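Below: data20.cif (mmCIF, C-alpha atoms)
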data_model
#
loop_
_atom_site.group_PDB
_atom_site.id
_atom_site.type_symbol
_atom_site.label_atom_id
_atom_site.label_comp_id
_atom_site.auth_asym_id
_atom_site.auth_seq_id
_atom_site.Cartn_x
_atom_site.Cartn_y
_atom_site.Cartn_z
ATOM 1 C CA MET T 83 -90.479 -10.709 70.682
ATOM 2 C CA THR T 84 -91.785 -10.955 67.176
ATOM 3 C CA GLY T 85 -95.012 -12.461 66.061
ATOM 4 C CA GLY T 86 -96.704 -13.788 62.959
ATOM 5 C CA GLY T 87 -93.672 -13.808 60.682
ATOM 6 C CA ARG T 88 -92.977 -10.085 60.998
ATOM 7 C CA THR T 89 -89.535 -8.752 61.731
ATOM 8 C CA GLY T 90 -88.735 -6.534 64.687
ATOM 9 C CA ALA T 91 -90.755 -5.794 67.776
ATOM 10 C CA ILE T 92 -93.890 -3.685 67.673
ATOM 11 C CA ILE T 93 -94.021 -1.344 70.659
ATOM 12 C CA LEU T 94 -97.082 0.554 71.823
ATOM 13 C CA GLY T 95 -96.292 3.793 73.636
ATOM 14 C CA ILE T 96 -99.000 5.328 75.812
ATOM 15 C CA ASP T 97 -99.197 8.874 77.198
ATOM 16 C CA PRO T 98 -102.112 8.482 79.623
ATOM 17 C CA GLY T 99 -104.687 11.136 80.319
ATOM 18 C CA LEU T 100 -108.326 11.058 81.336
ATOM 19 C CA GLY T 101 -109.441 13.535 78.670
ATOM 20 C CA THR T 102 -106.953 12.492 75.993
ATOM 21 C CA THR T 103 -104.649 9.482 75.960
ATOM 22 C CA GLY T 104 -102.002 9.562 73.280
ATOM 23 C CA TRP T 105 -100.819 6.364 71.621
ATOM 24 C CA GLY T 106 -97.991 5.591 69.247
ATOM 25 C CA LEU T 107 -96.889 2.393 67.532
ATOM 26 C CA ILE T 108 -93.370 1.801 66.281
ATOM 27 C CA ARG T 109 -91.427 -1.169 64.978
ATOM 28 C CA ALA T 110 -87.932 -1.584 66.407
ATOM 29 C CA GLU T 111 -85.475 -3.663 64.383
ATOM 30 C CA GLY T 112 -82.162 -3.387 66.186
ATOM 31 C CA ASN T 113 -81.433 0.342 66.225
ATOM 32 C CA ARG T 114 -83.794 1.029 63.319
ATOM 33 C CA LEU T 115 -87.194 2.475 64.165
ATOM 34 C CA SER T 116 -90.207 2.830 61.911
ATOM 35 C CA HIS T 117 -93.543 4.512 62.511
ATOM 36 C CA LEU T 118 -96.630 2.309 62.336
ATOM 37 C CA GLY T 119 -99.332 4.612 63.663
ATOM 38 C CA ASN T 120 -100.391 7.107 66.297
ATOM 39 C CA GLY T 121 -103.456 8.844 67.570
ATOM 40 C CA GLN T 122 -105.463 10.127 70.476
ATOM 41 C CA LEU T 123 -108.155 8.377 72.492
ATOM 42 C CA LYS T 124 -110.659 10.847 73.934
ATOM 43 C CA THR T 125 -113.275 10.485 76.651
ATOM 44 C CA ASP T 126 -116.364 12.626 77.193
ATOM 45 C CA SER T 127 -115.649 15.153 79.948
ATOM 46 C CA ALA T 128 -119.387 15.294 80.760
ATOM 47 C CA ALA T 129 -119.558 11.541 81.506
ATOM 48 C CA PRO T 130 -119.094 10.149 85.029
ATOM 49 C CA LEU T 131 -115.522 9.170 85.938
ATOM 50 C CA ALA T 132 -116.217 5.424 86.017
ATOM 51 C CA ARG T 133 -117.805 5.539 82.544
ATOM 52 C CA ARG T 134 -114.828 7.514 81.177
ATOM 53 C CA LEU T 135 -112.353 4.985 82.602
ATOM 54 C CA ALA T 136 -114.367 2.070 81.176
ATOM 55 C CA HIS T 137 -114.464 3.775 77.765
ATOM 56 C CA LEU T 138 -110.703 4.361 77.855
ATOM 57 C CA ASP T 139 -110.186 0.695 78.755
ATOM 58 C CA ALA T 140 -112.382 -0.452 75.848
ATOM 59 C CA MET T 141 -110.545 1.810 73.374
ATOM 60 C CA LEU T 142 -107.126 0.593 74.560
ATOM 61 C CA ALA T 143 -108.251 -3.053 74.382
ATOM 62 C CA ALA T 144 -109.464 -2.521 70.797
ATOM 63 C CA LEU T 145 -106.217 -0.768 69.849
ATOM 64 C CA ILE T 146 -104.142 -3.626 71.275
ATOM 65 C CA ALA T 147 -106.344 -6.246 69.567
ATOM 66 C CA ASP T 148 -106.106 -4.421 66.217
ATOM 67 C CA HIS T 149 -102.322 -3.959 66.216
ATOM 68 C CA ALA T 150 -101.047 -6.911 68.309
ATOM 69 C CA PRO T 151 -97.998 -5.147 69.770
ATOM 70 C CA ASP T 152 -95.203 -7.197 71.319
ATOM 71 C CA GLY T 153 -94.808 -4.848 74.270
ATOM 72 C CA ALA T 154 -95.971 -1.551 75.677
ATOM 73 C CA ALA T 155 -94.570 1.436 77.518
ATOM 74 C CA VAL T 156 -96.478 3.908 79.664
ATOM 75 C CA GLU T 157 -95.359 7.284 80.930
ATOM 76 C CA GLU T 158 -95.324 7.596 84.715
ATOM 77 C CA VAL T 159 -97.517 10.080 86.571
ATOM 78 C CA PHE T 160 -95.974 13.401 87.455
ATOM 79 C CA VAL T 161 -97.384 15.359 90.376
ATOM 80 C CA ASN T 162 -98.813 18.670 89.275
ATOM 81 C CA ALA T 163 -100.235 21.613 91.197
ATOM 82 C CA ASN T 164 -103.793 20.275 91.176
ATOM 83 C CA PRO T 165 -104.142 17.108 93.294
ATOM 84 C CA GLN T 166 -107.457 16.190 91.599
ATOM 85 C CA SER T 167 -105.805 16.303 88.170
ATOM 86 C CA THR T 168 -102.964 14.136 89.448
ATOM 87 C CA LEU T 169 -105.432 11.563 90.795
ATOM 88 C CA LYS T 170 -107.382 11.448 87.516
ATOM 89 C CA LEU T 171 -104.156 11.072 85.567
ATOM 90 C CA GLY T 172 -103.152 8.233 87.889
ATOM 91 C CA GLN T 173 -106.472 6.495 87.318
ATOM 92 C CA ALA T 174 -106.108 6.767 83.533
ATOM 93 C CA ARG T 175 -102.559 5.434 83.837
ATOM 94 C CA GLY T 176 -103.858 2.494 85.884
ATOM 95 C CA VAL T 177 -106.351 1.687 83.124
ATOM 96 C CA ALA T 178 -103.539 1.784 80.531
ATOM 97 C CA LEU T 179 -101.337 -0.530 82.606
ATOM 98 C CA CYS T 180 -104.223 -2.920 83.197
ATOM 99 C CA ALA T 181 -105.275 -3.035 79.518
ATOM 100 C CA ALA T 182 -101.712 -3.837 78.427
ATOM 101 C CA ALA T 183 -101.177 -6.422 81.176
ATOM 102 C CA ARG T 184 -104.544 -8.077 80.458
ATOM 103 C CA ALA T 185 -103.388 -8.514 76.853
ATOM 104 C CA GLY T 186 -100.270 -10.309 78.118
ATOM 105 C CA LEU T 187 -97.864 -7.502 77.211
ATOM 106 C CA ASP T 188 -94.712 -6.721 79.153
ATOM 107 C CA VAL T 189 -94.972 -3.060 80.117
ATOM 108 C CA GLY T 190 -92.134 -0.590 80.610
ATOM 109 C CA GLU T 191 -92.760 2.463 82.766
ATOM 110 C CA TYR T 192 -90.775 5.653 82.239
ATOM 111 C CA ALA T 193 -90.633 9.020 83.981
ATOM 112 C CA ALA T 194 -91.100 12.028 81.699
ATOM 113 C CA ARG T 195 -87.529 13.216 82.423
ATOM 114 C CA LEU T 196 -86.131 9.838 81.353
ATOM 115 C CA VAL T 197 -88.150 9.912 78.130
ATOM 116 C CA LYS T 198 -86.895 13.421 77.365
ATOM 117 C CA LYS T 199 -83.313 12.376 78.052
ATOM 118 C CA ALA T 200 -83.644 9.326 75.771
ATOM 119 C CA ILE T 201 -85.123 11.372 72.922
ATOM 120 C CA VAL T 202 -83.379 14.752 73.168
ATOM 121 C CA GLY T 203 -80.372 14.061 75.392
ATOM 122 C CA THR T 204 -81.518 16.163 78.340
ATOM 123 C CA GLY T 205 -84.256 15.576 80.900
ATOM 124 C CA ALA T 206 -85.008 19.298 80.891
ATOM 125 C CA ALA T 207 -86.090 19.366 77.223
ATOM 126 C CA ASP T 208 -89.358 21.125 76.452
ATOM 127 C CA LYS T 209 -92.265 19.605 74.533
ATOM 128 C CA ALA T 210 -91.290 21.319 71.280
ATOM 129 C CA GLN T 211 -87.797 19.788 71.405
ATOM 130 C CA VAL T 212 -89.204 16.321 72.108
ATOM 131 C CA HIS T 213 -91.731 16.599 69.287
ATOM 132 C CA ALA T 214 -89.073 17.835 66.848
ATOM 133 C CA MET T 215 -86.828 14.861 67.676
ATOM 134 C CA VAL T 216 -89.721 12.399 67.367
ATOM 135 C CA ALA T 217 -90.441 13.794 63.901
ATOM 136 C CA ARG T 218 -86.747 13.465 63.022
ATOM 137 C CA LEU T 219 -86.494 9.885 64.334
ATOM 138 C CA LEU T 220 -89.697 8.859 62.527
ATOM 139 C CA PRO T 221 -89.487 10.722 59.196
ATOM 140 C CA GLY T 222 -92.717 11.021 57.277
ATOM 141 C CA ALA T 223 -94.934 10.277 60.278
ATOM 142 C CA ALA T 224 -98.069 12.409 60.427
ATOM 143 C CA ILE T 225 -98.342 12.969 64.169
ATOM 144 C CA ALA T 226 -101.903 13.389 65.469
ATOM 145 C CA GLY T 227 -101.072 15.934 68.180
ATOM 146 C CA ALA T 228 -99.018 16.561 71.289
ATOM 147 C CA ASP T 229 -100.307 13.524 73.206
ATOM 148 C CA ALA T 230 -99.568 11.217 70.257
ATOM 149 C CA ALA T 231 -96.059 12.694 69.923
ATOM 150 C CA ASP T 232 -95.468 12.078 73.639
ATOM 151 C CA ALA T 233 -96.667 8.484 73.249
ATOM 152 C CA LEU T 234 -94.291 7.938 70.319
ATOM 153 C CA ALA T 235 -91.479 9.349 72.479
ATOM 154 C CA VAL T 236 -92.341 6.828 75.225
ATOM 155 C CA ALA T 237 -92.283 3.991 72.665
ATOM 156 C CA ILE T 238 -88.897 5.152 71.323
ATOM 157 C CA CYS T 239 -87.505 5.380 74.865
ATOM 158 C CA HIS T 240 -88.684 1.806 75.502
ATOM 159 C CA ALA T 241 -87.094 0.597 72.250
ATOM 160 C CA HIS T 242 -83.780 2.156 73.293
ATOM 161 C CA HIS T 243 -83.959 0.510 76.710
ATOM 162 C CA LEU T 244 -84.779 -2.886 75.181
ATOM 163 C CA ALA T 245 -81.835 -2.567 72.770
ATOM 164 C CA THR T 246 -79.486 -1.666 75.625
ATOM 165 C CA ALA T 247 -80.733 -4.599 77.716
ATOM 166 C CA ARG T 248 -80.082 -6.982 74.776
ATOM 167 C CA VAL T 249 -76.521 -5.680 74.424
ATOM 168 C CA LEU T 250 -75.858 -6.075 78.143
ATOM 169 C CA ARG T 251 -77.083 -9.666 78.108
#

Show me, as structure tokens, the structure contained in the file I just sent.
Amino acid sequence: MTGGGRTGAIILGIDPGLGTTGWGLIRAEGNRLSHLGNGQLKTDSAAPLARRLAHLDAMLAALIADHAPDGAAVEEVFVNANPQSTLKLGQARGVALCAAARAGLDVGEYAARLVKKAIVGTGAADKAQVHAMVARLLPGAAIAGADAADALAVAICHAHHLATARVLR
């Protein structure tokens, strides 16, 4: 799971959203994590849905091409009060899964509660607790916002699961 002479696996975490998709890149070397980058991909809310999804796909493809991650992890959709919002979130998530799979990446999928438990120790943690732990686990990282912090949390969760799977093998 390493490429081009580098050490450790590069993991791309994705927190999908139609308006804003957060992304975070980490390197996992055993139990050691290091921050490589993070940001937010935004689509134009005035554009038609299909155009927004295509734009999100193009931005994710460029991100993957630029950083050549070894794997990816995407947060699962949670059902919220507004069914239309849930559907749009699901469509953005589908684009994220497709972009990663098209690039040949293995993709982990994690429920928000599982991510929170992996980062904070409880699935009931609030966003502030998750973000504080992400900052603690990745010291010195300038985090580009809440969606980017969530994406980094998803990447860290995936790194922990990969490390556990290696130990169990």

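Note that CA of Ala174 (chain T) and CA of Ala110 (chain T) are 26.3 Å apart.
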
Mind telling me what the PyMOL selection byres ((chain T and resi 137) around 12) catches here, as an MDAnalysis selection string? chainID T and resid 100:103 123:127 129:136 138:144 174 177:178 181

Would you translate the PyMOL selection byres ((chain T and resi 116) around 10) into the concrete set of residues it matches in this file, as a PyMOL selection string? chain T and resi 90+92+107-111+114-115+117-119+219-223+238

What's around Leu171 (chain T) at 8 Å? Count all atoms listed in the file, leave out sequence neighbours fewer than 5 positions away in its own chain, and write the answer as number ranges by chain. T: 98-100, 159

Output file for the selection above: C-alpha atoms, as a PDB file, in the frame of the given file:
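After the write, result_1.pdb holds the following:
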ATOM      1  CA  PRO T  98    -102.112   8.482  79.623  1.00  0.00           C
ATOM      2  CA  GLY T  99    -104.687  11.136  80.319  1.00  0.00           C
ATOM      3  CA  LEU T 100    -108.326  11.058  81.336  1.00  0.00           C
ATOM      4  CA  VAL T 159     -97.517  10.080  86.571  1.00  0.00           C
TER       5      VAL T 159
END

Running the PyMOL selection byres ((chain T and resi 189) around 9) on this model by hand, what would come out? Give it as an MDAnalysis selection string. chainID T and resid 153:156 179 182:183 187:188 190:191

Write out as an MDAnalysis selection string which residues come within 8 Å of Val202 (chain T) when counting all atoms listed in the file, dropping same-chain ones fewer than 3 positions away. chainID T and resid 198:199 205 207 211:212 215

Pairwise distance, CA of Cys180 (chain T) with CA of His240 (chain T), equals 18.0 Å

Quick one: everything within 12 Å of Lys209 (chain T), counting only C-alpha atoms, minus sequence neighbours fewer than 3 positions away in the same chain. Send it as a ChimeraX atom specification. /T:194-195,197-198,201-202,204-206,212-216,227-232,235

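If you measure from each of T:Gly121, T:Gly176, T:Pro165, T:Gly203 to Leu145 (chain T) using all atoms listed in the file, the closest one turns out to be T:Gly121.
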
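Between CA of Cys239 (chain T) and CA of Asp208 (chain T) the separation is 15.9 Å.
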
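You can rank T:His242, T:Arg175, T:His149, T:Arg218 by their closest distance to Asn113 (chain T) using all atoms listed in the file, and at the top of that list sits T:His242.
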
Taking all heavy atoms as the atom set, what does region 144-155 of chain T look like once completed, written as a compact mmCIF listing (two decimals), keeping the file's coordinate frame?
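So the final result, stored in part-v9.txt, reads:
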# COMPACT_ATOMS: atom_id res chain seq x y z
N ALA T 144 -109.26 -2.42 72.24
CA ALA T 144 -109.46 -2.52 70.80
C ALA T 144 -108.18 -2.18 70.04
O ALA T 144 -107.83 -2.86 69.06
CB ALA T 144 -110.60 -1.60 70.37
N LEU T 145 -107.48 -1.17 70.48
CA LEU T 145 -106.22 -0.77 69.85
C LEU T 145 -105.20 -1.91 69.92
O LEU T 145 -104.55 -2.25 68.92
CB LEU T 145 -105.68 0.48 70.55
CG LEU T 145 -104.38 1.06 70.03
CD1 LEU T 145 -104.56 1.65 68.65
CD2 LEU T 145 -103.88 2.13 70.99
N ILE T 146 -105.08 -2.52 71.09
CA ILE T 146 -104.14 -3.63 71.28
C ILE T 146 -104.57 -4.82 70.42
O ILE T 146 -103.73 -5.45 69.76
CB ILE T 146 -104.03 -3.98 72.77
CG1 ILE T 146 -103.32 -2.84 73.52
CG2 ILE T 146 -103.29 -5.31 72.97
CD1 ILE T 146 -103.41 -2.92 75.04
N ALA T 147 -105.86 -5.13 70.38
CA ALA T 147 -106.34 -6.25 69.57
C ALA T 147 -106.09 -5.99 68.08
O ALA T 147 -105.71 -6.91 67.35
CB ALA T 147 -107.84 -6.47 69.83
N ASP T 148 -106.29 -4.76 67.63
CA ASP T 148 -106.11 -4.42 66.22
C ASP T 148 -104.65 -4.49 65.77
O ASP T 148 -104.37 -4.85 64.63
CB ASP T 148 -106.64 -3.01 65.91
CG ASP T 148 -108.15 -2.94 65.93
OD1 ASP T 148 -108.82 -4.00 65.93
OD2 ASP T 148 -108.68 -1.80 65.95
N HIS T 149 -103.72 -4.11 66.63
CA HIS T 149 -102.32 -3.96 66.22
C HIS T 149 -101.38 -5.02 66.77
O HIS T 149 -100.23 -5.09 66.33
CB HIS T 149 -101.82 -2.56 66.58
CG HIS T 149 -102.55 -1.48 65.85
ND1 HIS T 149 -102.32 -1.18 64.53
CD2 HIS T 149 -103.54 -0.65 66.26
CE1 HIS T 149 -103.12 -0.21 64.15
NE2 HIS T 149 -103.88 0.14 65.18
N ALA T 150 -101.83 -5.81 67.74
CA ALA T 150 -101.05 -6.91 68.31
C ALA T 150 -99.59 -6.53 68.61
O ALA T 150 -98.66 -7.15 68.11
CB ALA T 150 -101.10 -8.12 67.39
N PRO T 151 -99.38 -5.51 69.45
CA PRO T 151 -98.00 -5.15 69.77
C PRO T 151 -97.32 -6.25 70.59
O PRO T 151 -97.99 -7.08 71.21
CB PRO T 151 -98.15 -3.87 70.60
CG PRO T 151 -99.51 -3.96 71.19
CD PRO T 151 -100.35 -4.68 70.17
N ASP T 152 -95.99 -6.23 70.55
CA ASP T 152 -95.20 -7.20 71.32
C ASP T 152 -94.95 -6.71 72.74
O ASP T 152 -94.64 -7.51 73.62
CB ASP T 152 -93.86 -7.44 70.61
CG ASP T 152 -94.07 -8.01 69.23
OD1 ASP T 152 -94.63 -9.12 69.13
OD2 ASP T 152 -93.69 -7.35 68.24
N GLY T 153 -95.04 -5.43 72.96
CA GLY T 153 -94.81 -4.85 74.27
C GLY T 153 -95.39 -3.45 74.31
O GLY T 153 -95.83 -2.92 73.29
N ALA T 154 -95.41 -2.89 75.50
CA ALA T 154 -95.97 -1.55 75.68
C ALA T 154 -95.11 -0.76 76.65
O ALA T 154 -94.34 -1.34 77.42
CB ALA T 154 -97.41 -1.62 76.20
N ALA T 155 -95.26 0.54 76.59
CA ALA T 155 -94.57 1.44 77.52
C ALA T 155 -95.53 2.56 77.87
O ALA T 155 -96.25 3.07 77.01
CB ALA T 155 -93.31 2.00 76.88
